[in-house]
Each structure stands twice: as C-alpha cells, then as structure tokens.
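The data block below is data_27.cif; it holds mmCIF, C-alpha atoms (C1' of nucleotides).
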data_data
loop_
_atom_site.label_atom_id
_atom_site.label_comp_id
_atom_site.auth_asym_id
_atom_site.auth_seq_id
_atom_site.Cartn_x
_atom_site.Cartn_y
_atom_site.Cartn_z
CA MET A 1 -71.84 4.14 -15.78
CA ASN A 2 -72.66 6.18 -12.71
CA ILE A 3 -70.32 8.71 -11.11
CA TYR A 4 -70.72 10.38 -7.76
CA SER A 5 -68.79 11.70 -4.78
CA ARG A 6 -68.85 10.12 -1.35
CA ASP A 7 -67.00 12.06 1.34
CA ASN A 8 -63.79 12.99 -0.46
CA ASP A 9 -63.79 9.95 -2.71
CA LEU A 10 -65.03 9.61 -6.23
CA ILE A 11 -67.08 6.52 -6.97
CA ILE A 12 -67.63 5.19 -10.47
CA GLU A 13 -70.04 2.33 -10.93
CA ASN A 14 -70.22 0.08 -13.96
CA ILE A 15 -67.26 1.21 -16.02
CA PRO A 16 -67.55 -1.07 -19.03
CA ASP A 17 -64.57 -3.23 -19.99
CA PHE A 18 -62.41 -1.98 -17.13
CA ASP A 19 -60.37 -3.91 -14.61
CA ILE A 20 -57.79 -2.03 -12.60
CA GLU A 21 -55.62 -5.12 -12.29
CA ASP A 22 -55.63 -5.79 -16.04
CA VAL A 23 -54.94 -2.12 -16.73
CA LEU A 24 -51.91 -1.85 -14.47
CA GLU A 25 -50.40 -5.32 -14.62
CA CYS A 26 -50.42 -5.66 -18.40
CA GLY A 27 -46.95 -4.14 -18.69
CA GLN A 28 -47.64 -0.67 -20.06
CA CYS A 29 -47.00 1.24 -16.84
CA PHE A 30 -44.30 1.05 -14.19
CA HIS A 31 -45.07 3.73 -11.62
CA PHE A 32 -47.57 2.04 -9.33
CA THR A 33 -47.68 -0.22 -6.28
CA LYS A 34 -50.12 -2.98 -5.44
CA LEU A 35 -51.59 -2.56 -1.96
CA GLU A 36 -54.26 -5.26 -1.85
CA GLU A 37 -56.21 -7.33 -4.35
CA LYS A 38 -57.57 -4.84 -6.90
CA GLU A 39 -56.21 -1.94 -4.87
CA TYR A 40 -53.30 0.14 -6.09
CA GLU A 41 -51.53 3.43 -5.68
CA ILE A 42 -50.46 5.20 -8.84
CA LEU A 43 -48.16 8.15 -9.49
CA ALA A 44 -49.12 9.78 -12.76
CA CYS A 45 -49.64 13.18 -14.31
CA GLY A 46 -47.96 14.80 -11.32
CA LYS A 47 -50.57 13.30 -8.99
CA TYR A 48 -50.95 10.51 -6.49
CA LEU A 49 -53.99 8.25 -6.75
CA ARG A 50 -55.14 5.39 -4.56
CA VAL A 51 -57.67 3.36 -6.46
CA LYS A 52 -59.68 0.25 -5.64
CA GLN A 53 -62.07 -1.87 -7.62
CA GLU A 54 -64.88 -3.92 -6.08
CA ASN A 55 -66.54 -6.59 -8.16
CA ASP A 56 -68.65 -8.09 -5.39
CA ALA A 57 -71.60 -5.75 -5.56
CA LEU A 58 -73.68 -7.98 -7.79
CA GLN A 59 -76.75 -8.10 -5.58
CA GLU A 60 -77.09 -4.37 -6.01
CA ASN A 61 -77.12 -4.94 -9.76
CA ILE A 62 -73.75 -3.28 -10.07
CA GLU A 63 -71.04 -4.95 -12.13
CA ASN A 64 -68.12 -3.11 -10.64
CA ARG A 65 -67.40 -0.18 -8.43
CA VAL A 66 -64.17 1.77 -8.80
CA ILE A 67 -63.19 4.06 -5.95
CA LEU A 68 -60.75 6.90 -6.58
CA TYR A 69 -59.79 7.88 -3.05
CA ASP A 70 -59.49 11.51 -2.11
CA THR A 71 -60.34 12.62 -5.62
CA SER A 72 -62.46 15.60 -6.60
CA PRO A 73 -64.85 15.50 -9.54
CA LYS A 74 -62.66 18.16 -11.09
CA ASP A 75 -59.53 16.00 -10.94
CA TYR A 76 -61.49 13.15 -12.41
CA GLU A 77 -62.70 15.30 -15.29
CA ASN A 78 -59.32 16.93 -15.90
CA ILE A 79 -56.96 14.03 -15.31
CA TRP A 80 -58.17 10.52 -14.58
CA LYS A 81 -60.95 10.29 -17.15
CA ASN A 82 -58.38 10.86 -19.85
CA TYR A 83 -55.60 8.85 -18.16
CA PHE A 84 -57.72 5.70 -17.91
CA ASP A 85 -59.16 6.23 -21.40
CA ILE A 86 -62.62 5.98 -19.87
CA GLU A 87 -64.49 7.40 -22.83
CA ARG A 88 -63.28 4.93 -25.43
CA ASP A 89 -65.65 2.12 -26.34
CA TYR A 90 -63.53 -0.95 -25.63
CA LYS A 91 -66.32 -3.32 -26.53
CA LYS A 92 -66.03 -1.96 -30.03
CA VAL A 93 -62.25 -2.29 -29.91
CA LYS A 94 -62.44 -5.91 -28.81
CA ASP A 95 -65.19 -6.80 -31.28
CA LYS A 96 -63.13 -5.30 -34.06
CA ILE A 97 -59.99 -7.22 -33.12
CA VAL A 98 -61.86 -10.50 -32.83
CA SER A 99 -63.62 -9.90 -36.15
CA ILE A 100 -60.24 -9.41 -37.79
CA ASP A 101 -58.99 -12.68 -36.36
CA GLY A 102 -61.12 -14.98 -34.23
CA ARG A 103 -57.99 -16.57 -32.82
CA LEU A 104 -57.59 -13.55 -30.55
CA THR A 105 -60.80 -14.41 -28.71
CA SER A 106 -59.00 -16.20 -25.90
CA ALA A 107 -56.46 -13.39 -25.46
CA VAL A 108 -59.17 -10.74 -25.36
CA SER A 109 -61.44 -12.64 -22.99
CA ALA A 110 -58.58 -13.58 -20.67
CA LYS A 111 -57.92 -9.93 -19.86
CA PRO A 112 -61.17 -8.17 -20.78
CA GLY A 113 -60.43 -5.15 -18.60
CA ILE A 114 -57.31 -3.85 -20.35
CA ARG A 115 -57.23 -0.21 -21.32
CA ILE A 116 -54.34 1.63 -22.92
CA LEU A 117 -53.39 4.34 -20.46
CA LYS A 118 -52.70 7.85 -21.70
CA GLN A 119 -49.42 8.28 -19.91
CA GLU A 120 -47.22 11.33 -19.80
CA PHE A 121 -44.90 11.57 -22.77
CA PHE A 122 -41.63 12.32 -20.98
CA GLU A 123 -42.02 9.69 -18.29
CA THR A 124 -43.01 7.12 -20.91
CA LEU A 125 -39.98 7.95 -23.03
CA ILE A 126 -37.50 7.58 -20.18
CA SER A 127 -39.25 4.52 -18.73
CA PHE A 128 -39.11 2.60 -21.99
CA ILE A 129 -35.50 3.56 -22.60
CA ILE A 130 -34.85 1.95 -19.22
CA SER A 131 -36.98 -1.06 -20.17
CA GLN A 132 -34.59 -2.41 -22.77
CA ASN A 133 -33.09 -5.74 -21.80
CA LYS A 134 -34.69 -5.62 -18.35
CA GLN A 135 -37.49 -7.41 -16.56
CA ILE A 136 -40.62 -5.52 -15.55
CA PRO A 137 -40.06 -5.65 -11.75
CA HIS A 138 -36.62 -4.15 -12.19
CA ILE A 139 -37.90 -1.42 -14.50
CA LYS A 140 -40.44 -0.50 -11.85
CA GLN A 141 -37.72 -0.39 -9.21
CA ILE A 142 -35.57 1.97 -11.27
CA VAL A 143 -38.51 4.27 -12.08
CA HIS A 144 -39.30 4.45 -8.36
CA THR A 145 -35.68 5.21 -7.47
CA ILE A 146 -35.38 8.01 -10.03
CA SER A 147 -38.66 9.48 -8.80
CA GLU A 148 -37.65 9.31 -5.14
CA ARG A 149 -34.35 11.01 -5.81
CA TYR A 150 -35.34 13.63 -8.38
CA GLY A 151 -39.13 13.81 -8.47
CA GLU A 152 -41.41 16.10 -6.53
CA CYS A 153 -42.68 15.06 -3.13
CA ILE A 154 -46.37 14.73 -2.47
CA GLU A 155 -47.11 14.54 1.23
CA LEU A 156 -50.08 12.34 1.98
CA SER A 157 -52.46 13.03 4.85
CA CYS A 158 -50.85 10.19 6.82
CA GLY A 159 -47.54 12.04 6.62
CA ARG A 160 -45.89 9.69 4.14
CA CYS A 161 -44.16 11.19 1.11
CA VAL A 162 -44.56 9.82 -2.39
CA TYR A 163 -42.71 11.10 -5.44
CA THR A 164 -43.79 11.97 -8.94
CA PHE A 165 -41.57 11.25 -11.91
CA PRO A 166 -39.19 14.19 -12.38
CA LYS A 167 -39.78 16.88 -14.99
CA VAL A 168 -37.28 17.38 -17.83
CA ASP A 169 -35.79 20.47 -16.21
CA LYS A 170 -34.93 18.49 -13.11
CA LEU A 171 -33.45 15.48 -14.90
CA TYR A 172 -31.44 17.84 -17.07
CA GLN A 173 -29.46 18.75 -13.95
CA VAL A 174 -28.69 15.11 -13.17
CA SER A 175 -25.30 13.76 -14.25
CA GLU A 176 -24.66 10.49 -15.99
CA ASP A 177 -22.95 9.13 -12.89
CA GLU A 178 -25.92 10.05 -10.73
CA LEU A 179 -28.15 8.22 -13.19
CA ARG A 180 -25.91 5.16 -12.95
CA GLU A 181 -26.40 5.25 -9.19
CA CYS A 182 -30.08 4.64 -9.94
CA LYS A 183 -28.92 1.36 -11.54
CA VAL A 184 -29.73 2.26 -15.13
CA GLY A 185 -26.38 0.84 -16.21
CA PHE A 186 -25.38 1.31 -19.85
CA ARG A 187 -28.63 3.20 -20.48
CA ALA A 188 -27.32 6.30 -18.67
CA PRO A 189 -26.04 8.03 -21.83
CA TYR A 190 -29.27 7.10 -23.62
CA ILE A 191 -31.33 8.81 -20.93
CA LYS A 192 -28.99 11.77 -21.05
CA ASP A 193 -29.49 12.14 -24.79
CA ALA A 194 -33.28 11.86 -24.49
CA VAL A 195 -33.38 14.43 -21.70
CA GLU A 196 -31.24 16.86 -23.68
CA LYS A 197 -33.32 16.56 -26.83
CA VAL A 198 -36.53 17.17 -24.91
CA TYR A 199 -35.03 19.92 -22.77
CA ASN A 200 -33.71 21.93 -25.70
CA GLY A 201 -36.95 21.55 -27.62
CA GLU A 202 -35.58 19.40 -30.41
CA ILE A 203 -38.22 16.85 -29.42
CA THR A 204 -41.58 18.02 -28.15
CA GLU A 205 -44.78 16.21 -27.37
CA ASP A 206 -46.87 18.61 -29.45
CA SER A 207 -44.74 18.36 -32.56
CA LEU A 208 -44.67 14.56 -32.36
CA LYS A 209 -48.44 14.48 -32.01
CA SER A 210 -48.85 16.65 -35.09
CA MET A 211 -46.76 14.26 -37.21
CA THR A 212 -47.72 11.05 -38.96
CA VAL A 213 -46.75 7.90 -37.04
CA GLN A 214 -43.86 7.26 -39.40
CA GLU A 215 -42.49 10.76 -38.95
CA ALA A 216 -42.91 10.65 -35.19
CA ARG A 217 -41.26 7.24 -34.99
CA GLU A 218 -38.27 8.41 -37.01
CA LYS A 219 -37.95 11.53 -34.88
CA LEU A 220 -37.98 9.50 -31.67
CA MET A 221 -35.35 7.18 -33.11
CA THR A 222 -32.92 10.09 -33.47
CA ILE A 223 -32.49 9.68 -29.72
CA LYS A 224 -29.58 7.39 -28.90
CA GLY A 225 -30.95 4.24 -27.32
CA VAL A 226 -34.37 4.57 -28.90
CA GLY A 227 -34.93 1.92 -31.54
CA GLU A 228 -38.02 0.64 -33.26
CA LYS A 229 -39.49 -1.08 -30.23
CA VAL A 230 -38.98 1.67 -27.67
CA ALA A 231 -40.24 4.25 -30.15
CA ASN A 232 -43.38 2.21 -30.74
CA CYS A 233 -44.04 1.92 -27.01
CA VAL A 234 -43.70 5.68 -26.60
CA LEU A 235 -46.03 6.26 -29.55
CA LEU A 236 -48.62 3.89 -28.11
CA PHE A 237 -48.46 4.57 -24.38
CA GLY A 238 -47.25 8.16 -24.28
CA LEU A 239 -48.53 9.85 -27.42
CA GLY A 240 -51.85 8.21 -28.17
CA PHE A 241 -50.98 6.54 -31.48
CA SER A 242 -52.84 3.25 -31.72
CA ASP A 243 -51.65 2.05 -35.12
CA VAL A 244 -48.33 0.72 -33.86
CA PHE A 245 -47.25 -2.77 -32.87
CA PRO A 246 -44.24 -2.95 -30.54
CA VAL A 247 -42.42 -6.25 -31.02
CA ASP A 248 -40.22 -7.37 -28.16
CA VAL A 249 -38.92 -10.83 -27.28
CA TRP A 250 -42.35 -11.82 -25.98
CA MET A 251 -44.32 -10.58 -28.97
CA LYS A 252 -41.81 -12.26 -31.25
CA ARG A 253 -42.38 -15.59 -29.52
CA ILE A 254 -46.14 -15.16 -29.37
CA MET A 255 -46.48 -14.16 -33.03
CA GLU A 256 -44.16 -16.91 -34.20
CA TYR A 257 -46.20 -19.37 -32.18
CA MET A 258 -49.54 -18.11 -33.54
CA TYR A 259 -48.74 -17.24 -37.15
CA PHE A 260 -45.28 -17.98 -38.46
CA GLU A 261 -44.19 -21.22 -36.81
CA GLU A 262 -40.57 -20.39 -37.49
CA ASP A 263 -37.93 -17.85 -36.59
CA THR A 264 -39.15 -14.54 -38.02
CA LYS A 265 -37.58 -11.11 -37.98
CA LYS A 266 -39.23 -8.48 -35.79
CA GLU A 267 -39.72 -6.10 -38.73
CA ILE A 268 -41.65 -8.74 -40.65
CA ILE A 269 -43.85 -9.43 -37.63
CA GLU A 270 -44.46 -5.74 -37.06
CA LYS A 271 -45.44 -5.10 -40.68
CA PHE A 272 -47.67 -8.17 -40.75
CA ALA A 273 -49.53 -7.09 -37.60
CA MET A 274 -49.92 -3.49 -38.70
CA GLU A 275 -51.43 -4.51 -42.00
CA LYS A 276 -53.67 -6.99 -40.24
CA PHE A 277 -54.92 -4.86 -37.36
CA GLY A 278 -54.46 -1.33 -38.71
CA GLU A 279 -55.56 1.34 -36.26
CA TYR A 280 -56.29 -1.40 -33.70
CA ALA A 281 -52.76 -2.82 -33.79
CA GLY A 282 -51.73 -1.27 -30.48
CA PHE A 283 -54.72 -2.71 -28.66
CA ALA A 284 -54.27 -6.13 -30.26
CA GLN A 285 -50.63 -6.07 -29.22
CA GLN A 286 -51.47 -5.39 -25.60
CA TYR A 287 -54.07 -8.16 -25.30
CA LEU A 288 -51.64 -10.57 -26.96
CA PHE A 289 -48.67 -9.46 -24.89
CA PHE A 290 -50.39 -9.90 -21.53
CA TYR A 291 -52.04 -13.17 -22.51
CA GLY A 292 -48.92 -14.64 -24.10
CA ARG A 293 -46.67 -13.64 -21.26
CA GLU A 294 -48.94 -15.07 -18.57
CA ASN A 295 -49.30 -18.33 -20.41
CA GLY A 296 -45.71 -18.61 -21.56
CA LEU A 297 -46.79 -18.86 -25.19
CA GLY A 298 -44.02 -19.96 -27.52
CA LYS A 299 -42.04 -21.28 -24.50
"C1'" DC B 1 -22.22 -21.05 -12.28
"C1'" DT B 2 -24.94 -19.87 -16.46
"C1'" DC B 3 -28.68 -17.77 -18.79
"C1'" DC B 4 -31.86 -14.20 -19.81
"C1'" DA B 5 -34.59 -9.89 -19.41
"C1'" DG B 6 -40.90 -5.39 -22.97
"C1'" DG B 7 -33.23 -3.76 -27.09
"C1'" DT B 8 -29.96 -0.95 -29.23
"C1'" DC B 9 -25.42 0.26 -30.76
"C1'" DG B 10 -21.15 -0.31 -33.13
"C1'" DT B 11 -18.51 -3.36 -35.71
"C1'" DT B 12 -17.83 -6.93 -39.15
"C1'" DG B 13 -18.87 -9.88 -43.07
"C1'" DC C 1 -28.17 -4.88 -45.43
"C1'" DA C 2 -27.54 -9.13 -41.98
"C1'" DA C 3 -25.36 -11.07 -38.27
"C1'" DC C 4 -23.25 -10.72 -33.76
"C1'" DG C 5 -21.15 -9.40 -29.36
"C1'" DA C 6 -21.21 -5.80 -25.74
"C1'" DC C 7 -23.59 -3.45 -22.57
"C1'" DA C 8 -25.14 -3.13 -16.36
"C1'" DT C 9 -27.79 -5.29 -13.20
"C1'" DG C 10 -30.53 -8.61 -10.86
"C1'" DG C 11 -33.28 -12.73 -10.60
"C1'" DA C 12 -34.22 -17.65 -11.86
#

Encoded form (structure tokens):
Amino acid sequence: MNIYSRDNDLIIENIPDFDIEDVLECGQCFHFTKLEEKEYEILACGKYLRVKQENDALQENIENRVILYDTSPKDYENIWKNYFDIERDYKKVKDKIVSIDGRLTSAVSAKPGIRILKQEFFETLISFIISQNKQIPHIKQIVHTISERYGECIELSCGRCVYTFPKVDKLYQVSEDELRECKVGFRAPYIKDAVEKVYNGEITEDSLKSMTVQEAREKLMTIKGVGEKVANCVLLFGLGFSDVFPVDVWMKRIMEYMYFEEDTKKEIIEKFAMEKFGEYAGFAQQYLFFYGRENGLGK
DNA sequence: CTCCAGGTCGTTG
DNA sequence: CAACGACATGGA
C-alpha cells in the first residue's frame, strides 16, 4: 500500500481486499450516491468525500488506485482510515471464514472487496430504525431527505450544497409530524424515542462500547422500534462489534437454503451462526448477505 | 390490483 | 412463549 498527495487529492495505491463498489453497495450504508462506475460521493462523519477507484493500472504493476478527492493527509489519518477499516487484515478475515466453512468460498470471492465501515453511531441507529420493512433504495431516499432538511450544509467548491446527517440536538427539535413528512411512516415514534434516549444520555456510544455485546444489545432494545435485528446492525455497523449476526428476511432465506432446508426461526439461525463464526460472524453475514441477495438465493 | 420490503409492536391463543 | 395482523410508503 502506497499513500501520497497529488494536488489536493489523496491517492492510495494497492489497498488490499478493497473495492469501493463492494464496500458501499453491500447494504451497510445508505448515505452515498453513485456518480460513475467505481466513483461515489459519501456523506459520513460530518464530512463530504468524493472517492474513485481505478483498477486499470495493471501495466504500472498497481492493483488498484483509490483517489480521495480534495482530502488532506490529516483527514485521511483522522477520519477515512478508520471509516474504511483500512488497517484490518481482510485476507485473514476471509481465510478464517472459509476455513470455518468452505461453502462460503463463492460468497467471499464474489465480493472480495467488502469492508465493514465504521459508521457513526447515531446515524446508524436512526438509519436502521428506518430500514425495517423497507427496501434499500427507499431507505437511502429517506436518509437523504432527513439530512437535507435537518443536517448541516457543506458547500462544495462548485457551489452545490450537500448535507450531513443531523446531530442528536438537531433531531431532538424535530416533531413527529415533521418526521412523517420525511416519509418515515409508522417509524416516526420509534425515531422520536431513539432520539430522546440518546439526547438525554440514557443511551451513549461510549457506554455501549464499554459493555459486552449482550448488554449493549439489550440496552439498544429498550428503544421502541429496535428489535434484535436492528440492534445487531447498530452493533456491527455503528459500534464496531463483529461477533453479531443480523438476520433479516434475506439472511433467513440464505441460511435456510444453505444449512437448514426448512423454515427456521431467526433466533435459531442467529445462534447457529454466532456459534459457528464467533468473532467473525459479522463479516460472514455481510459476505453472505450481499452474495445471497444478488443471486436471489433461496428464491 | 396484489404482494412485499435489511422488522417490531401489541394482542391473542 | 408462539403466532399473527397492523403499521406507512413505494416499487415490482
């Protein structure tokens, strides 16, 4: 891996096991827009990032080149290195998963560039409350709407404004009816409850991170509208716990297709996967989810 | 028109 | 506990 600045951009060559398309399109993140093939803009951590990956530099003996536009080395060190989980050895992660069960080889090699993003806790919490009983494109739309209406504006050099996801303090001021106008539907009171519990300090990122997964999961589930699945997604994508296995309709189908071959309760599937994959359960889940969804596994 | 979506809640058996 | 309908909204 080789990192250097060119004009105002930050260039990273040869990030192992990284593909910006796999990372963003695998369903863990909703606050981004595709601009071109392998080129995206992302709103995260209170920042705007335009990022592009080139894989056609083979003659220069370079496997891939990722360009973070208008990004200082300092922002890379402080924000994006952590956000993209650059320092984790994903070869080891994938080897481990495949050694546990060789049947995951096809899932892992289909999307070899997945990384579990370290997303902001609050945004992840609200986003996955919204996600229940909704399709990914619509979740993205709602997250964008909430950000445009209540987030902070970042003015780009071209004059266009983009909006970060709002902070708790801001969403605390937003009424249930105003939330409904963002098309969150019956989830409005759920969001309200989550915002209140975070705002008044009953739920904090730090305290959750200091707990065991079980404790943190139970704490999250005291929020109305946060069940087992949403809690697990927040633990995995927003708090850095990797020993969780969110089971949604897709994972249920995929796991029934691969292991159970009959209707099986989500709790059984979750327990089975956690015992099987342990601290790698979250990674295994994401490879399986993306692969299974793209291939319509389990019909 | 009907069915379903990265589910969860409240109500019944 | 287990099962089941309701819940907003939009797309197939």

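Residues from chain A that have an atom within 9 Å of chain B, counting all atoms listed in the file, are Gly27, Gln28, Phe128, Ile129, Ser131, Gln132, Asn133, Lys134, Gln135, Ile136, Lys224, Gly225, Val226, Gly227, Glu228, Lys229, Val230, Cys233, Pro246, Val247, Asp248, Val249, Trp250, Met251 and Phe289 of chain A.
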
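In this structure, atom CA of Tyr190 of chain A sits 23.1 Å away from atom CA of Phe241 of chain A.
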
Which residues of chain A are close to chain C, meaning at most 10 Å apart when you count all atoms listed in the file, and how do they look as a PyMOL selection string? chain A and resi 133-135+137-138+180+183-188

Evaluate the PyMOL selection byres ((chain A and resi 285) around 9) here and jot the selected residues down as a list in words. Val244, Phe245, Pro246, Val247, Met251, Ala273, Tyr280, Ala281, Gly282, Phe283, Ala284, Gln286, Tyr287, Leu288, Phe289 and Phe290 of chain A

Please produce a file of those selected residues containing C-alpha atoms, as a CSV table (one decimal), in the frame of the given file.
chain,number,residue,atom,x,y,z
A,244,VAL,CA,-48.3,0.7,-33.9
A,245,PHE,CA,-47.2,-2.8,-32.9
A,246,PRO,CA,-44.2,-3.0,-30.5
A,247,VAL,CA,-42.4,-6.2,-31.0
A,251,MET,CA,-44.3,-10.6,-29.0
A,273,ALA,CA,-49.5,-7.1,-37.6
A,280,TYR,CA,-56.3,-1.4,-33.7
A,281,ALA,CA,-52.8,-2.8,-33.8
A,282,GLY,CA,-51.7,-1.3,-30.5
A,283,PHE,CA,-54.7,-2.7,-28.7
A,284,ALA,CA,-54.3,-6.1,-30.3
A,286,GLN,CA,-51.5,-5.4,-25.6
A,287,TYR,CA,-54.1,-8.2,-25.3
A,288,LEU,CA,-51.6,-10.6,-27.0
A,289,PHE,CA,-48.7,-9.5,-24.9
A,290,PHE,CA,-50.4,-9.9,-21.5

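Residues matched by the PyMOL selection byres ((chain A and resi 125) around 10) in this structure: Gln119, Glu120, Phe121, Phe122, Glu123, Thr124, Ile126, Ser127, Phe128, Ile129, Ile130, Ser131, Ile191, Ala194, Val195, Leu220, Val226, Val230, Ala231, Cys233, Val234, Leu235, Phe237, Gly238 and Leu239 of chain A.
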
Restricting the output to C-alpha atoms, write the selected residues as a PDB file, in the coordinates of the input.
ATOM      1  CA  GLN A 119     -49.420   8.280 -19.910  1.00  0.00           C
ATOM      2  CA  GLU A 120     -47.220  11.330 -19.800  1.00  0.00           C
ATOM      3  CA  PHE A 121     -44.900  11.570 -22.770  1.00  0.00           C
ATOM      4  CA  PHE A 122     -41.630  12.320 -20.980  1.00  0.00           C
ATOM      5  CA  GLU A 123     -42.020   9.690 -18.290  1.00  0.00           C
ATOM      6  CA  THR A 124     -43.010   7.120 -20.910  1.00  0.00           C
ATOM      7  CA  ILE A 126     -37.500   7.580 -20.180  1.00  0.00           C
ATOM      8  CA  SER A 127     -39.250   4.520 -18.730  1.00  0.00           C
ATOM      9  CA  PHE A 128     -39.110   2.600 -21.990  1.00  0.00           C
ATOM     10  CA  ILE A 129     -35.500   3.560 -22.600  1.00  0.00           C
ATOM     11  CA  ILE A 130     -34.850   1.950 -19.220  1.00  0.00           C
ATOM     12  CA  SER A 131     -36.980  -1.060 -20.170  1.00  0.00           C
ATOM     13  CA  ILE A 191     -31.330   8.810 -20.930  1.00  0.00           C
ATOM     14  CA  ALA A 194     -33.280  11.860 -24.490  1.00  0.00           C
ATOM     15  CA  VAL A 195     -33.380  14.430 -21.700  1.00  0.00           C
ATOM     16  CA  LEU A 220     -37.980   9.500 -31.670  1.00  0.00           C
ATOM     17  CA  VAL A 226     -34.370   4.570 -28.900  1.00  0.00           C
ATOM     18  CA  VAL A 230     -38.980   1.670 -27.670  1.00  0.00           C
ATOM     19  CA  ALA A 231     -40.240   4.250 -30.150  1.00  0.00           C
ATOM     20  CA  CYS A 233     -44.040   1.920 -27.010  1.00  0.00           C
ATOM     21  CA  VAL A 234     -43.700   5.680 -26.600  1.00  0.00           C
ATOM     22  CA  LEU A 235     -46.030   6.260 -29.550  1.00  0.00           C
ATOM     23  CA  PHE A 237     -48.460   4.570 -24.380  1.00  0.00           C
ATOM     24  CA  GLY A 238     -47.250   8.160 -24.280  1.00  0.00           C
ATOM     25  CA  LEU A 239     -48.530   9.850 -27.420  1.00  0.00           C
TER      26      LEU A 239
END

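If you look at atom CA of Glu39 of chain A and atom CA of Ser157 of chain A, they are 18.2 Å away from each other.
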
Could you state the separation of atom CA of Lys276 of chain A and atom CA of Ser242 of chain A in Å, given to one decimal place?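 Calculated distance between atom CA of Lys276 of chain A and atom CA of Ser242 of chain A is 13.3 Å.
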
Distance query Ile42 of chain A at most 9 Å, all atoms listed in the file, self and fewer than 3 positions along chain excluded, as an NGL selection string: :A and (31-34 or 47-51)

Write out as a tab-separated table (two decimals) with C-alpha atoms, keeping the file's coordinate frame each polymer residue whose atoms come within 9 Å of Val213 of chain A, counting all atoms listed in the file; drop sequence neighbours fewer than 2 positions from it.
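Output file around-v8.tsv is given in full below:
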chain	number	residue	atom	x	y	z
A	208	LEU	CA	-44.67	14.56	-32.36
A	209	LYS	CA	-48.44	14.48	-32.01
A	211	MET	CA	-46.76	14.26	-37.21
A	215	GLU	CA	-42.49	10.76	-38.95
A	216	ALA	CA	-42.91	10.65	-35.19
A	217	ARG	CA	-41.26	7.24	-34.99
A	218	GLU	CA	-38.27	8.41	-37.01
A	235	LEU	CA	-46.03	6.26	-29.55
A	241	PHE	CA	-50.98	6.54	-31.48
A	243	ASP	CA	-51.65	2.05	-35.12
A	244	VAL	CA	-48.33	0.72	-33.86

Selection result for the PyMOL selection byres ((chain A and resi 75-79) around 10) on this file, as a PyMOL selection string: chain A and resi 3+10+44-47+68+70-74+80-84+118
